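Structure data follow from entry-v1.txt (compact mmCIF, C-alpha atoms and all ligand atoms):
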```
# COMPACT_ATOMS: atom_id res chain seq x y z
CA MET A 1 33.23 6.79 -0.70
CA ALA A 2 30.58 4.95 -2.66
CA LYS A 3 30.11 4.52 -6.37
CA VAL A 4 26.43 5.03 -7.18
CA LEU A 5 25.29 3.63 -10.53
CA CYS A 6 22.01 5.05 -11.75
CA VAL A 7 20.26 3.67 -14.84
CA LEU A 8 17.63 6.04 -16.24
CA TYR A 9 15.63 6.29 -19.43
CA ASP A 10 16.80 8.44 -22.34
CA ASP A 11 16.17 12.19 -22.47
CA PRO A 12 13.31 13.49 -24.66
CA THR A 13 14.22 13.22 -28.35
CA GLY A 14 14.08 17.01 -28.63
CA GLY A 15 16.22 17.58 -25.53
CA MET A 16 15.22 18.43 -21.96
CA PRO A 17 12.11 20.67 -21.76
CA ALA A 18 12.88 24.40 -21.80
CA ARG A 19 9.42 25.03 -20.31
CA TYR A 20 6.83 22.75 -18.73
CA ALA A 21 3.11 22.46 -19.50
CA ARG A 22 2.20 23.52 -15.97
CA ASP A 23 3.77 25.64 -13.24
CA GLY A 24 4.31 23.38 -10.27
CA LEU A 25 2.39 20.53 -8.64
CA PRO A 26 -0.59 20.40 -6.29
CA ALA A 27 0.39 20.46 -2.61
CA MET A 28 0.23 17.11 -0.78
CA ASP A 29 1.54 16.08 2.60
CA ARG A 30 0.33 12.50 3.07
CA TYR A 31 -0.66 9.47 1.02
CA PRO A 32 -4.33 8.40 1.22
CA ASP A 33 -3.67 5.89 4.03
CA GLY A 34 -1.80 8.47 6.09
CA GLN A 35 1.72 7.28 5.18
CA ARG A 36 4.20 10.19 5.15
CA LEU A 37 5.40 11.41 1.76
CA PRO A 38 9.16 11.01 1.19
CA THR A 39 10.97 13.32 3.58
CA PRO A 40 14.61 13.82 2.58
CA GLU A 41 16.60 16.41 4.52
CA ALA A 42 16.67 18.61 1.40
CA THR A 43 15.74 18.58 -2.28
CA ASP A 44 18.04 19.88 -5.03
CA PHE A 45 15.50 20.12 -7.83
CA THR A 46 12.32 21.97 -8.67
CA PRO A 47 9.24 19.75 -8.14
CA GLY A 48 7.59 19.03 -11.47
CA GLU A 49 10.84 18.86 -13.47
CA LEU A 50 11.74 15.85 -15.59
CA LEU A 51 13.94 13.83 -13.23
CA GLY A 52 13.62 10.26 -14.51
CA SER A 53 15.70 10.67 -17.68
CA VAL A 54 19.48 10.74 -17.86
CA SER A 55 19.91 14.53 -17.59
CA GLY A 56 17.42 14.70 -14.71
CA GLU A 57 19.70 12.40 -12.64
CA LEU A 58 16.84 12.00 -10.11
CA GLY A 59 18.12 15.31 -8.75
CA LEU A 60 20.87 13.42 -6.91
CA ARG A 61 24.20 14.70 -8.28
CA SER A 62 24.97 17.63 -6.00
CA PHE A 63 23.77 15.73 -2.89
CA LEU A 64 26.06 12.78 -3.66
CA GLU A 65 29.08 14.73 -4.88
CA ARG A 66 29.02 17.09 -1.89
CA GLN A 67 29.66 14.01 0.26
CA GLY A 68 32.44 12.78 -2.03
CA HIS A 69 30.49 9.92 -3.64
CA GLU A 70 30.74 9.14 -7.35
CA LEU A 71 27.52 9.21 -9.42
CA VAL A 72 27.42 7.49 -12.80
CA VAL A 73 24.21 7.94 -14.80
CA THR A 74 23.55 5.99 -17.98
CA SER A 75 20.71 4.63 -20.09
CA ASP A 76 23.01 2.01 -21.67
CA LYS A 77 21.96 -1.19 -19.88
CA GLU A 78 21.82 -4.02 -22.45
CA PRO A 79 23.34 -6.26 -23.68
CA PRO A 80 26.26 -7.57 -21.60
CA GLY A 81 29.16 -5.19 -22.17
CA SER A 82 26.93 -2.13 -21.71
CA GLU A 83 28.03 0.88 -19.69
CA PHE A 84 25.88 -0.51 -16.86
CA ASP A 85 27.83 -3.78 -16.86
CA ARG A 86 31.18 -1.98 -16.95
CA HIS A 87 30.37 0.18 -13.92
CA LEU A 88 28.56 -2.58 -12.04
CA ALA A 89 31.90 -4.28 -11.35
CA ASP A 90 32.75 -1.75 -8.61
CA ALA A 91 29.39 -0.15 -7.80
CA GLU A 92 28.15 -0.12 -4.19
CA ILE A 93 24.66 1.16 -4.99
CA VAL A 94 22.50 0.58 -8.07
CA ILE A 95 19.42 2.69 -8.73
CA SER A 96 16.97 2.14 -11.56
CA GLN A 97 13.32 2.64 -12.38
CA PRO A 98 10.91 -0.12 -13.45
CA PHE A 99 10.18 1.90 -16.61
CA TRP A 100 13.77 1.29 -17.79
CA PRO A 101 14.84 -1.49 -15.50
CA ALA A 102 18.45 -2.43 -14.87
CA TYR A 103 17.87 -6.19 -14.84
CA LEU A 104 19.98 -7.36 -11.91
CA THR A 105 20.11 -11.07 -12.64
CA ALA A 106 21.88 -13.55 -10.36
CA GLU A 107 24.75 -13.54 -12.87
CA ARG A 108 25.09 -9.76 -12.76
CA ILE A 109 24.89 -9.77 -8.96
CA ALA A 110 27.72 -12.32 -8.93
CA ASN A 111 29.76 -9.87 -11.01
CA ALA A 112 29.15 -7.01 -8.55
CA PRO A 113 31.24 -7.88 -5.48
CA ASN A 114 30.85 -4.41 -3.89
CA LEU A 115 27.07 -4.19 -4.33
CA LYS A 116 25.27 -3.49 -1.04
CA LEU A 117 22.13 -1.53 -1.88
CA VAL A 118 19.69 -1.71 -4.80
CA VAL A 119 17.09 1.03 -4.98
CA THR A 120 14.01 0.96 -7.18
CA ALA A 121 13.09 4.57 -7.87
CA GLY A 122 9.45 3.57 -8.14
CA ILE A 123 7.54 0.45 -7.09
CA GLY A 124 8.19 -3.16 -8.11
CA SER A 125 11.64 -4.67 -7.57
CA ASP A 126 11.14 -7.79 -9.69
CA HIS A 127 13.90 -6.63 -12.08
CA THR A 128 16.29 -7.60 -9.28
CA ASP A 129 16.75 -11.32 -8.59
CA LEU A 130 15.50 -11.14 -5.00
CA ASP A 131 16.70 -14.64 -4.13
CA ALA A 132 20.23 -13.70 -5.24
CA ALA A 133 20.00 -10.48 -3.21
CA ILE A 134 18.84 -12.50 -0.17
CA ASP A 135 21.76 -14.91 -0.57
CA ARG A 136 24.29 -12.07 -0.86
CA GLY A 137 22.85 -9.95 2.00
CA ILE A 138 22.13 -7.06 -0.38
CA THR A 139 19.43 -4.60 0.71
CA VAL A 140 16.68 -3.94 -1.84
CA ALA A 141 14.42 -0.92 -1.27
CA GLU A 142 11.71 0.82 -3.26
CA VAL A 143 9.72 4.01 -2.80
CA THR A 144 6.48 2.40 -1.65
CA TYR A 145 3.32 4.38 -2.56
CA CYS A 146 5.21 6.97 -4.64
CA ASN A 147 3.26 6.26 -7.83
CA SER A 148 0.41 3.98 -6.73
CA ILE A 149 -2.21 6.68 -7.34
CA SER A 150 -0.55 7.63 -10.64
CA VAL A 151 -1.06 4.03 -11.79
CA ALA A 152 -4.61 3.82 -10.43
CA GLU A 153 -5.53 6.89 -12.50
CA HIS A 154 -3.96 5.27 -15.56
CA VAL A 155 -5.93 2.06 -14.99
CA VAL A 156 -9.23 3.95 -14.85
CA MET A 157 -8.26 5.83 -18.02
CA MET A 158 -7.46 2.57 -19.81
CA ILE A 159 -10.66 0.83 -18.71
CA LEU A 160 -12.75 3.70 -20.04
CA SER A 161 -10.64 3.96 -23.21
CA LEU A 162 -11.18 0.31 -24.07
CA VAL A 163 -14.84 0.03 -23.12
CA ARG A 164 -15.75 3.30 -24.91
CA ASN A 165 -13.50 2.54 -27.93
CA TYR A 166 -11.77 5.89 -27.42
CA LEU A 167 -8.43 5.36 -29.16
CA PRO A 168 -9.82 4.19 -32.56
CA SER A 169 -12.41 6.99 -32.44
CA HIS A 170 -9.69 9.57 -31.80
CA GLN A 171 -7.76 8.15 -34.73
CA VAL A 172 -10.80 8.68 -36.98
CA VAL A 173 -10.67 12.40 -36.16
CA ARG A 174 -6.90 12.61 -36.72
CA ASP A 175 -7.38 10.93 -40.11
CA GLY A 176 -9.98 13.55 -41.17
CA GLY A 177 -12.92 11.11 -40.93
CA TRP A 178 -16.42 11.23 -39.39
CA ASN A 179 -17.86 7.72 -39.66
CA ILE A 180 -19.82 7.46 -36.43
CA ALA A 181 -20.65 3.78 -36.97
CA ASP A 182 -16.96 2.91 -37.25
CA CYS A 183 -16.45 4.49 -33.83
CA VAL A 184 -19.46 3.13 -31.96
CA ALA A 185 -19.63 -0.42 -33.31
CA ARG A 186 -17.36 -1.47 -30.42
CA SER A 187 -18.42 1.13 -27.82
CA TYR A 188 -20.25 0.31 -24.56
CA ASP A 189 -21.11 1.96 -21.24
CA LEU A 190 -19.09 0.85 -18.23
CA GLU A 191 -22.16 1.34 -16.03
CA GLY A 192 -23.51 -1.98 -14.76
CA MET A 193 -20.44 -4.00 -15.70
CA HIS A 194 -18.61 -6.29 -13.27
CA VAL A 195 -15.05 -5.08 -12.66
CA GLY A 196 -12.50 -7.08 -10.67
CA THR A 197 -8.97 -6.47 -9.49
CA VAL A 198 -6.31 -9.11 -8.94
CA ALA A 199 -4.81 -7.65 -5.73
CA ALA A 200 -6.28 -4.85 -3.67
CA GLY A 201 -3.14 -3.26 -2.31
CA ARG A 202 -2.39 0.44 -2.72
CA ILE A 203 -3.13 0.51 -6.46
CA GLY A 204 -5.90 -2.09 -6.55
CA LEU A 205 -7.87 -0.46 -3.75
CA ALA A 206 -7.40 3.00 -5.28
CA VAL A 207 -8.80 1.66 -8.56
CA LEU A 208 -11.82 0.21 -6.75
CA ARG A 209 -12.43 3.51 -4.96
CA ARG A 210 -12.21 5.48 -8.21
CA LEU A 211 -14.56 3.13 -10.04
CA ALA A 212 -17.26 2.92 -7.36
CA PRO A 213 -19.04 6.12 -8.54
CA PHE A 214 -19.46 4.58 -12.01
CA ASP A 215 -22.20 2.28 -10.64
CA VAL A 216 -20.33 -0.91 -11.48
CA HIS A 217 -20.23 -4.19 -9.52
CA LEU A 218 -16.82 -4.44 -7.88
CA HIS A 219 -14.88 -7.66 -7.23
CA TYR A 220 -11.42 -8.38 -5.86
CA THR A 221 -9.05 -11.12 -4.89
CA ASP A 222 -6.01 -10.72 -2.66
CA ARG A 223 -3.93 -12.84 -0.33
CA ARG A 224 -5.51 -10.91 2.55
CA ARG A 225 -9.09 -9.73 2.82
CA LEU A 226 -9.78 -6.02 3.13
CA PRO A 227 -11.49 -4.81 6.32
CA GLU A 228 -15.21 -5.59 6.34
CA SER A 229 -15.98 -1.86 6.57
CA VAL A 230 -14.18 -1.26 3.24
CA GLU A 231 -15.93 -4.20 1.59
CA GLN A 232 -19.27 -2.80 2.70
CA GLU A 233 -18.49 0.82 1.81
CA LEU A 234 -17.56 -0.12 -1.78
CA GLY A 235 -19.92 -3.10 -2.15
CA LEU A 236 -17.05 -5.47 -2.89
CA THR A 237 -17.34 -9.16 -3.65
CA PHE A 238 -14.28 -11.11 -2.48
CA HIS A 239 -13.03 -14.19 -4.34
CA ALA A 240 -10.47 -16.68 -3.04
CA ASP A 241 -8.22 -16.35 -6.11
CA ALA A 242 -8.08 -15.04 -9.67
CA ARG A 243 -9.45 -18.30 -11.05
CA ALA A 244 -12.60 -17.90 -8.95
CA MET A 245 -12.97 -14.20 -9.77
CA VAL A 246 -12.43 -13.77 -13.50
CA PRO A 247 -15.47 -15.74 -14.81
CA ASN A 248 -17.64 -13.17 -12.99
CA CYS A 249 -16.06 -10.09 -14.56
CA ASP A 250 -16.46 -7.99 -17.70
CA VAL A 251 -13.30 -6.04 -16.87
CA VAL A 252 -10.26 -7.36 -14.99
CA THR A 253 -7.36 -5.20 -13.81
CA ILE A 254 -4.10 -6.75 -12.57
CA ASN A 255 -2.44 -4.96 -9.65
CA ALA A 256 -0.26 -7.62 -7.98
CA PRO A 257 3.53 -7.65 -7.86
CA LEU A 258 5.41 -10.07 -10.12
CA HIS A 259 6.73 -12.90 -7.99
CA PRO A 260 6.66 -16.71 -8.20
CA GLU A 261 2.93 -16.87 -7.34
CA THR A 262 1.84 -14.47 -10.08
CA GLN A 263 4.26 -15.16 -12.94
CA GLY A 264 2.37 -16.51 -15.98
CA LEU A 265 -0.98 -16.36 -14.12
CA PHE A 266 -3.01 -15.26 -17.15
CA ASP A 267 -2.36 -18.14 -19.55
CA ASP A 268 -4.62 -19.72 -22.23
CA ASP A 269 -6.47 -21.71 -19.57
CA LEU A 270 -7.34 -18.76 -17.33
CA LEU A 271 -8.20 -16.51 -20.27
CA ALA A 272 -10.59 -19.19 -21.56
CA THR A 273 -12.58 -18.95 -18.30
CA MET A 274 -13.16 -15.20 -18.73
CA ARG A 275 -16.43 -13.90 -20.17
CA ARG A 276 -16.29 -13.63 -23.96
CA GLY A 277 -15.53 -10.01 -24.80
CA ALA A 278 -13.97 -9.19 -21.44
CA TYR A 279 -11.35 -6.45 -21.14
CA LEU A 280 -8.02 -7.01 -19.40
CA ILE A 281 -5.85 -4.18 -18.08
CA ASN A 282 -2.34 -4.95 -16.88
CA THR A 283 -0.25 -2.16 -15.43
CA ALA A 284 1.44 -4.54 -12.96
CA ARG A 285 4.09 -6.52 -14.86
CA GLY A 286 4.25 -8.00 -18.36
CA LEU A 287 5.28 -11.47 -17.18
CA ILE A 288 2.08 -11.91 -15.13
CA VAL A 289 0.40 -12.71 -18.46
CA ASP A 290 1.44 -15.10 -21.22
CA ARG A 291 2.42 -12.80 -24.11
CA ASP A 292 1.19 -15.01 -26.95
CA ALA A 293 -1.96 -16.16 -25.13
CA ILE A 294 -3.04 -12.49 -24.96
CA VAL A 295 -2.55 -12.12 -28.73
CA ARG A 296 -4.57 -15.30 -29.34
CA ALA A 297 -7.40 -14.14 -27.04
CA LEU A 298 -7.64 -10.78 -28.85
CA GLU A 299 -7.58 -12.42 -32.27
CA SER A 300 -10.33 -14.89 -31.35
CA GLY A 301 -12.48 -12.24 -29.65
CA GLN A 302 -12.26 -13.97 -26.25
CA LEU A 303 -10.85 -10.63 -25.07
CA ALA A 304 -12.51 -7.48 -26.49
CA GLY A 305 -9.51 -5.40 -25.48
CA TYR A 306 -6.18 -5.43 -23.66
CA ALA A 307 -4.36 -2.40 -22.35
CA GLY A 308 -1.52 -1.62 -20.02
CA ASP A 309 1.97 -0.25 -19.97
CA VAL A 310 4.10 -3.17 -18.84
CA TRP A 311 6.06 -5.42 -21.19
CA TYR A 312 8.85 -7.95 -21.05
CA PRO A 313 11.57 -7.16 -21.75
CA GLN A 314 11.69 -3.38 -21.47
CA PRO A 315 12.22 -1.58 -23.73
CA ALA A 316 10.03 -3.83 -25.87
CA PRO A 317 11.57 -4.86 -29.20
CA ALA A 318 10.17 -3.20 -32.33
CA ASP A 319 8.60 -6.51 -33.43
CA HIS A 320 6.89 -7.27 -30.09
CA PRO A 321 3.47 -8.72 -31.08
CA TRP A 322 1.62 -6.47 -28.62
CA ARG A 323 2.47 -3.48 -30.81
CA THR A 324 0.31 -4.84 -33.65
CA MET A 325 -2.32 -7.11 -32.01
CA PRO A 326 -5.98 -6.07 -32.51
CA ASN A 327 -7.95 -3.91 -30.04
CA HIS A 328 -5.11 -2.99 -27.73
CA GLY A 329 -4.41 0.25 -25.91
CA MET A 330 -0.78 -0.28 -24.90
CA THR A 331 1.60 2.51 -23.99
CA PRO A 332 5.27 2.30 -23.10
CA HIS A 333 5.80 1.90 -19.35
CA ILE A 334 4.68 5.39 -18.31
CA SER A 335 1.83 5.18 -15.82
CA GLY A 336 4.04 5.52 -12.75
CA SER A 337 6.40 8.13 -14.17
CA THR A 338 4.28 11.26 -14.36
CA LEU A 339 6.14 14.42 -13.39
CA SER A 340 4.12 14.31 -10.16
CA ALA A 341 5.35 10.78 -9.38
CA GLN A 342 8.94 11.61 -10.33
CA THR A 343 9.12 14.27 -7.65
CA ARG A 344 7.98 11.72 -5.05
CA TYR A 345 10.27 8.91 -6.10
CA ALA A 346 13.30 11.19 -6.52
CA ASN A 347 12.70 12.45 -2.98
CA GLY A 348 12.15 8.89 -1.75
CA THR A 349 15.36 7.68 -3.38
CA ARG A 350 17.25 10.47 -1.69
CA GLU A 351 15.62 9.64 1.65
CA ILE A 352 16.74 5.99 1.29
CA LEU A 353 20.29 7.08 0.40
CA GLU A 354 20.41 9.51 3.35
CA SER A 355 19.46 6.66 5.72
CA TYR A 356 21.97 4.30 4.13
CA PHE A 357 24.89 6.74 4.35
CA ALA A 358 23.96 7.80 7.89
CA GLY A 359 23.71 4.15 8.98
CA THR A 360 20.15 4.70 10.23
CA PRO A 361 17.29 2.29 9.40
CA ILE A 362 15.63 2.66 6.02
CA ARG A 363 11.87 3.10 6.54
CA ASP A 364 10.32 -0.34 6.96
CA GLU A 365 7.70 0.32 4.28
CA TYR A 366 10.49 0.94 1.73
CA LEU A 367 12.24 -2.39 2.38
CA ILE A 368 11.85 -5.38 0.07
CA VAL A 369 14.92 -7.40 1.07
CA ASP A 370 17.12 -6.74 4.09
CA GLY A 371 19.33 -8.80 6.34
CA GLY A 372 19.19 -11.85 4.07
CA LYS A 373 15.38 -12.13 3.91
CA LEU A 374 12.25 -10.49 2.56
CA ALA A 375 11.54 -7.51 4.81
CA GLY A 376 9.05 -4.66 5.23
CA THR A 377 6.72 -4.37 2.24
CA GLY A 378 8.65 -7.21 0.59
CA ALA A 379 7.69 -9.59 3.39
CA LYS A 380 4.01 -8.67 2.96
CA SER A 381 3.59 -8.53 -0.79
CA TYR A 382 6.26 -10.77 -2.36
CA SER A 383 7.23 -14.43 -2.10
CA ALA A 384 10.74 -15.87 -2.30
CA ARG A 385 11.91 -19.12 -3.84
CA SER A 386 10.51 -22.02 -1.79
P1 LIG A 401 1.09 -3.05 -2.74
O1 LIG A 401 2.23 -3.75 -2.07
O2 LIG A 401 0.37 -1.98 -2.02
O3 LIG A 401 -0.02 -4.12 -3.19
C1 LIG A 401 0.27 -5.34 -3.74
C2 LIG A 401 -0.87 -6.26 -3.38
O4 LIG A 401 -0.74 -7.46 -4.13
C3 LIG A 401 -0.88 -6.65 -1.90
O5 LIG A 401 -2.18 -6.42 -1.38
C4 LIG A 401 -0.55 -8.12 -1.95
O6 LIG A 401 -1.14 -8.91 -0.96
C5 LIG A 401 -1.15 -8.51 -3.29
N1 LIG A 401 -0.71 -9.80 -3.80
C6 LIG A 401 0.54 -10.29 -3.83
N2 LIG A 401 0.54 -11.50 -4.39
C7 LIG A 401 -0.73 -11.77 -4.72
C8 LIG A 401 -1.37 -12.90 -5.32
N3 LIG A 401 -0.67 -13.97 -5.67
N4 LIG A 401 -2.71 -12.82 -5.51
C9 LIG A 401 -3.43 -11.75 -5.13
N5 LIG A 401 -2.86 -10.66 -4.55
C10 LIG A 401 -1.54 -10.69 -4.36
O7 LIG A 401 1.67 -2.51 -4.12
P2 LIG A 401 1.04 -1.45 -5.14
O8 LIG A 401 -0.42 -1.64 -5.19
O9 LIG A 401 1.58 -0.10 -4.88
O10 LIG A 401 1.73 -1.96 -6.49
C11 LIG A 401 1.41 -3.26 -7.00
C12 LIG A 401 2.30 -3.58 -8.20
O11 LIG A 401 1.99 -2.69 -9.26
C13 LIG A 401 3.80 -3.36 -7.97
O12 LIG A 401 4.40 -4.45 -7.31
C14 LIG A 401 4.30 -3.19 -9.37
O13 LIG A 401 4.58 -4.45 -9.95
C15 LIG A 401 3.13 -2.56 -10.10
N6 LIG A 401 3.38 -1.13 -10.35
C16 LIG A 401 3.39 -0.69 -11.64
C17 LIG A 401 3.68 0.62 -11.92
C18 LIG A 401 3.66 1.14 -13.33
O14 LIG A 401 4.23 2.19 -13.59
N7 LIG A 401 3.00 0.47 -14.25
C19 LIG A 401 4.04 1.57 -10.87
C20 LIG A 401 3.87 1.05 -9.53
C21 LIG A 401 3.59 -0.27 -9.31
P3 LIG A 401 -0.78 -8.87 0.59
O15 LIG A 401 0.18 -7.77 0.84
O16 LIG A 401 -2.13 -8.67 1.20
O17 LIG A 401 -0.18 -10.21 0.88
```
Represent the structure from my file as structure tokens, please.
Ligand code: NDP
Amino acid sequence: MAKVLCVLYDDPTGGMPARYARDGLPAMDRYPDGQRLPTPEATDFTPGELLGSVSGELGLRSFLERQGHELVVTSDKEPPGSEFDRHLADAEIVISQPFWPAYLTAERIANAPNLKLVVTAGIGSDHTDLDAAIDRGITVAEVTYCNSISVAEHVVMMILSLVRNYLPSHQVVRDGGWNIADCVARSYDLEGMHVGTVAAGRIGLAVLRRLAPFDVHLHYTDRRRLPESVEQELGLTFHADARAMVPNCDVVTINAPLHPETQGLFDDDLLATMRRGAYLINTARGLIVDRDAIVRALESGQLAGYAGDVWYPQPAPADHPWRTMPNHGMTPHISGSTLSAQTRYANGTREILESYFAGTPIRDEYLIVDGGKLAGTGAKSYSARS
């Protein structure tokens, strides 16, 4: 019987919701590209419930315990000596979400001799040292597509919030004020601007599709070109890499995974090539940008705004400079953890566990590392140590 160690974020400060804002979720049966939604044999929770925090347990407890497995759920993951570290020593499966990542470093993997499966209940498995997982023959899987649209919606919200100066204007109202000039002195229309995405995978392409009706000029860069029909439909301009794209853009959104090719991509040098007063939105991973270079670019006015929900490390320390830098619209890491997304990634996690326990193949699109190499989506979208 397996020990399953699940690291989830803390419950709401006021306790689990007694009632939800809405009754249920819209019906869906497929993702936009036709991929099947997660299809576990059964679901032991009510769709739309809070599943990603400790008491939600991703809806897994009765499924696992019925089969005699042990489920340990904790939010205590740092520093060494945490509950996570104590249970890792004999865990076979580790599950965590990128919002509250269980950082599985090479050192931690070395201290987990029984570890065979690491599941990201979400998308983005960079919190696991993939090279160490490859070396140890550990399978790494994530719930591909589960929250890509959730993030794309968040990106569009953040672009509009920054360009229209929404957050400071809302604060004026909350503070009892009415100074219109204070609100509009930094407010523009998005219409006519040049917007580019670094990566046009599931999220990046969904952002482009959602922005097309705003009558903007759309740009993208990716390791692979989109089909010509899509480029024509959306009027896309392709660029060979981010360096070629960003000088042409008023708004840049980052939608690539964090891996050796993208780590530290947005440094002082790249930011200096952007248009003065550009906006940068990063919902991909905090380490794709240089933390202090972003602060400098906002302070100098090179960037007119920065927003996103991804930080390093997570949770971000109270004195993280992004909390206090000018003209930012940061949130904690929430874009992919809507109640809608939680239902999908809880179901996807269960589907992966069902396959693992039954000894049947995990869906190829869920795989990041398998059989000692990058596999499935991992082989397409990530890179390993050279
Ligand atoms: P996809 O796998 O669909 O897309 C990733 C895209 O990035 C692929 O098209 C890939 O190219 C491209 N890519 C990889 N490396 C580069 C590079 N060096 N330059 C340009 N493009 C590159 O994933 P999603 O769109 O669903 O998610 C993307 C990322 O967003 C995740 O990996 C995760 O880090 C982040 N994310 C954040 C969430 C949040 O809550 N904030 C939630 C979900 C995801 P190709 O495959 O063509 O080689």
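Closest approach to ligand LIG 401 (chain A) among A:Val230, A:Ala318, A:Ala278, A:Leu258 is made by A:Leu258 (distances from all atoms listed in the file).
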Got a sec to check which residues sit within 10 Å of (3.4, 10.9, -15.2), counting only C-alpha atoms, and write them as an mmCIF file with C-alpha atoms, in the frame of the given file?
```
data_model
loop_
_atom_site.group_PDB
_atom_site.id
_atom_site.type_symbol
_atom_site.label_atom_id
_atom_site.label_comp_id
_atom_site.auth_asym_id
_atom_site.auth_seq_id
_atom_site.Cartn_x
_atom_site.Cartn_y
_atom_site.Cartn_z
ATOM 1 C CA GLY A 48 7.590 19.030 -11.470
ATOM 2 C CA LEU A 50 11.740 15.850 -15.590
ATOM 3 C CA ASN A 147 3.260 6.260 -7.830
ATOM 4 C CA SER A 150 -0.550 7.630 -10.640
ATOM 5 C CA VAL A 151 -1.060 4.030 -11.790
ATOM 6 C CA HIS A 154 -3.960 5.270 -15.560
ATOM 7 C CA ILE A 334 4.680 5.390 -18.310
ATOM 8 C CA SER A 335 1.830 5.180 -15.820
ATOM 9 C CA GLY A 336 4.040 5.520 -12.750
ATOM 10 C CA SER A 337 6.400 8.130 -14.170
ATOM 11 C CA THR A 338 4.280 11.260 -14.360
ATOM 12 C CA LEU A 339 6.140 14.420 -13.390
ATOM 13 C CA SER A 340 4.120 14.310 -10.160
ATOM 14 C CA ALA A 341 5.350 10.780 -9.380
ATOM 15 C CA GLN A 342 8.940 11.610 -10.330
#
```
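For the pair CA of Glu83 in chain A and CA of Cys6 in chain A, the separation is 10.8 Å.
Distance-wise, CA of Thr128 in chain A and CA of Thr74 in chain A end up 17.7 Å apart.
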If we count only C-alpha atoms and set the cut-off at 9 Å, which residues sit around Gln302 in chain A, ignoring sequence neighbours fewer than 4 positions away in its own chain? Please answer as number ranges by chain.
A: 271-272, 274-278, 296-298
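Computed from the coordinates, the CA of Gln97 in chain A to atom O14 of ligand LIG 401 (chain A) distance equals 9.2 Å.
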Near Glu41 in chain A, within 9 Å and counting only C-alpha atoms, which residues show up once chain neighbours fewer than 4 positions away are dropped, as a list in words?
Arg350, Glu351 and Glu354 of chain A
With only C-alpha atoms and all ligand atoms counted, collect every polymer residue having an atom within 7 Å of ligand LIG 401 (chain A); state the result as a PyMOL selection string.
chain A and resi 99+122-124+144-145+147-148+151+198-204+221-224+241+255-258+261-262+283-285+309-310+333-337+377+380-382
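Of the residues under consideration (A:Val156, A:Ile352, A:Ile294, A:Ile362), A:Ile352 shows the shortest atom-to-atom contact distance to Thr120 in chain A when counting all atoms listed in the file.
Those residues that approach range 178-192 of chain A to within 8 Å, counting all atoms listed in the file, are A:Leu160, A:Val163, A:Arg164, A:Asn165, A:Pro168, A:Ser169, A:Val172, A:Val173, A:Phe214, A:Asp215, A:Val216, A:His217; same-chain residues fewer than 5 positions away are not listed.
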Dump of C-alpha atoms for the selected residues, as a compact mmCIF listing (two decimals), in the coordinates of the input:
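Wrote selection.txt, looks like this:
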```
# COMPACT_ATOMS: atom_id res chain seq x y z
CA LEU A 160 -12.75 3.70 -20.04
CA VAL A 163 -14.84 0.03 -23.12
CA ARG A 164 -15.75 3.30 -24.91
CA ASN A 165 -13.50 2.54 -27.93
CA PRO A 168 -9.82 4.19 -32.56
CA SER A 169 -12.41 6.99 -32.44
CA VAL A 172 -10.80 8.68 -36.98
CA VAL A 173 -10.67 12.40 -36.16
CA PHE A 214 -19.46 4.58 -12.01
CA ASP A 215 -22.20 2.28 -10.64
CA VAL A 216 -20.33 -0.91 -11.48
CA HIS A 217 -20.23 -4.19 -9.52
```
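Once Ile368 in chain A and its same-chain neighbours fewer than 2 positions away are set aside, Val140, Ala141, Leu374, Ala375, Gly376, Thr377 and Gly378 of chain A remain within 6 Å of it when counting only C-alpha atoms.
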Selection export as a compact mmCIF listing (two decimals), in the frame of the given file, atoms kept: C-alpha atoms:
```txt
# COMPACT_ATOMS: atom_id res chain seq x y z
CA VAL A 140 16.68 -3.94 -1.84
CA ALA A 141 14.42 -0.92 -1.27
CA LEU A 374 12.25 -10.49 2.56
CA ALA A 375 11.54 -7.51 4.81
CA GLY A 376 9.05 -4.66 5.23
CA THR A 377 6.72 -4.37 2.24
CA GLY A 378 8.65 -7.21 0.59
```
I'd like the neighbourhood of Thr349 in chain A as a short mmCIF file (atom, residue, chain, number, x, y, z; two decimals) with C-alpha atoms, in the coordinates of the input, where a residue qualifies if any of its atoms comes within 9 Å (using all atoms listed in the file), though same-chain residues fewer than 5 positions away should be ignored.
```cif
data_model
loop_
_atom_site.label_atom_id
_atom_site.label_comp_id
_atom_site.auth_asym_id
_atom_site.auth_seq_id
_atom_site.Cartn_x
_atom_site.Cartn_y
_atom_site.Cartn_z
CA PRO A 38 9.16 11.01 1.19
CA PRO A 40 14.61 13.82 2.58
CA LEU A 58 16.84 12.00 -10.11
CA LEU A 60 20.87 13.42 -6.91
CA ILE A 95 19.42 2.69 -8.73
CA VAL A 119 17.09 1.03 -4.98
CA THR A 120 14.01 0.96 -7.18
CA ALA A 121 13.09 4.57 -7.87
CA GLY A 122 9.45 3.57 -8.14
CA ALA A 141 14.42 -0.92 -1.27
CA GLU A 142 11.71 0.82 -3.26
CA VAL A 143 9.72 4.01 -2.80
CA ARG A 344 7.98 11.72 -5.05
CA GLU A 354 20.41 9.51 3.35
#
```
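Using all atoms listed in the file, the shortest contact distance between His87 in chain A and any of A:Lys3, A:Ser161, A:Val155, A:Pro213 is found at A:Lys3.
With distances taken over all atoms listed in the file, A:Leu353 is the one residue among A:Leu303, A:Leu353, A:Val195, A:Ala212 lying closest to Ile93 in chain A.
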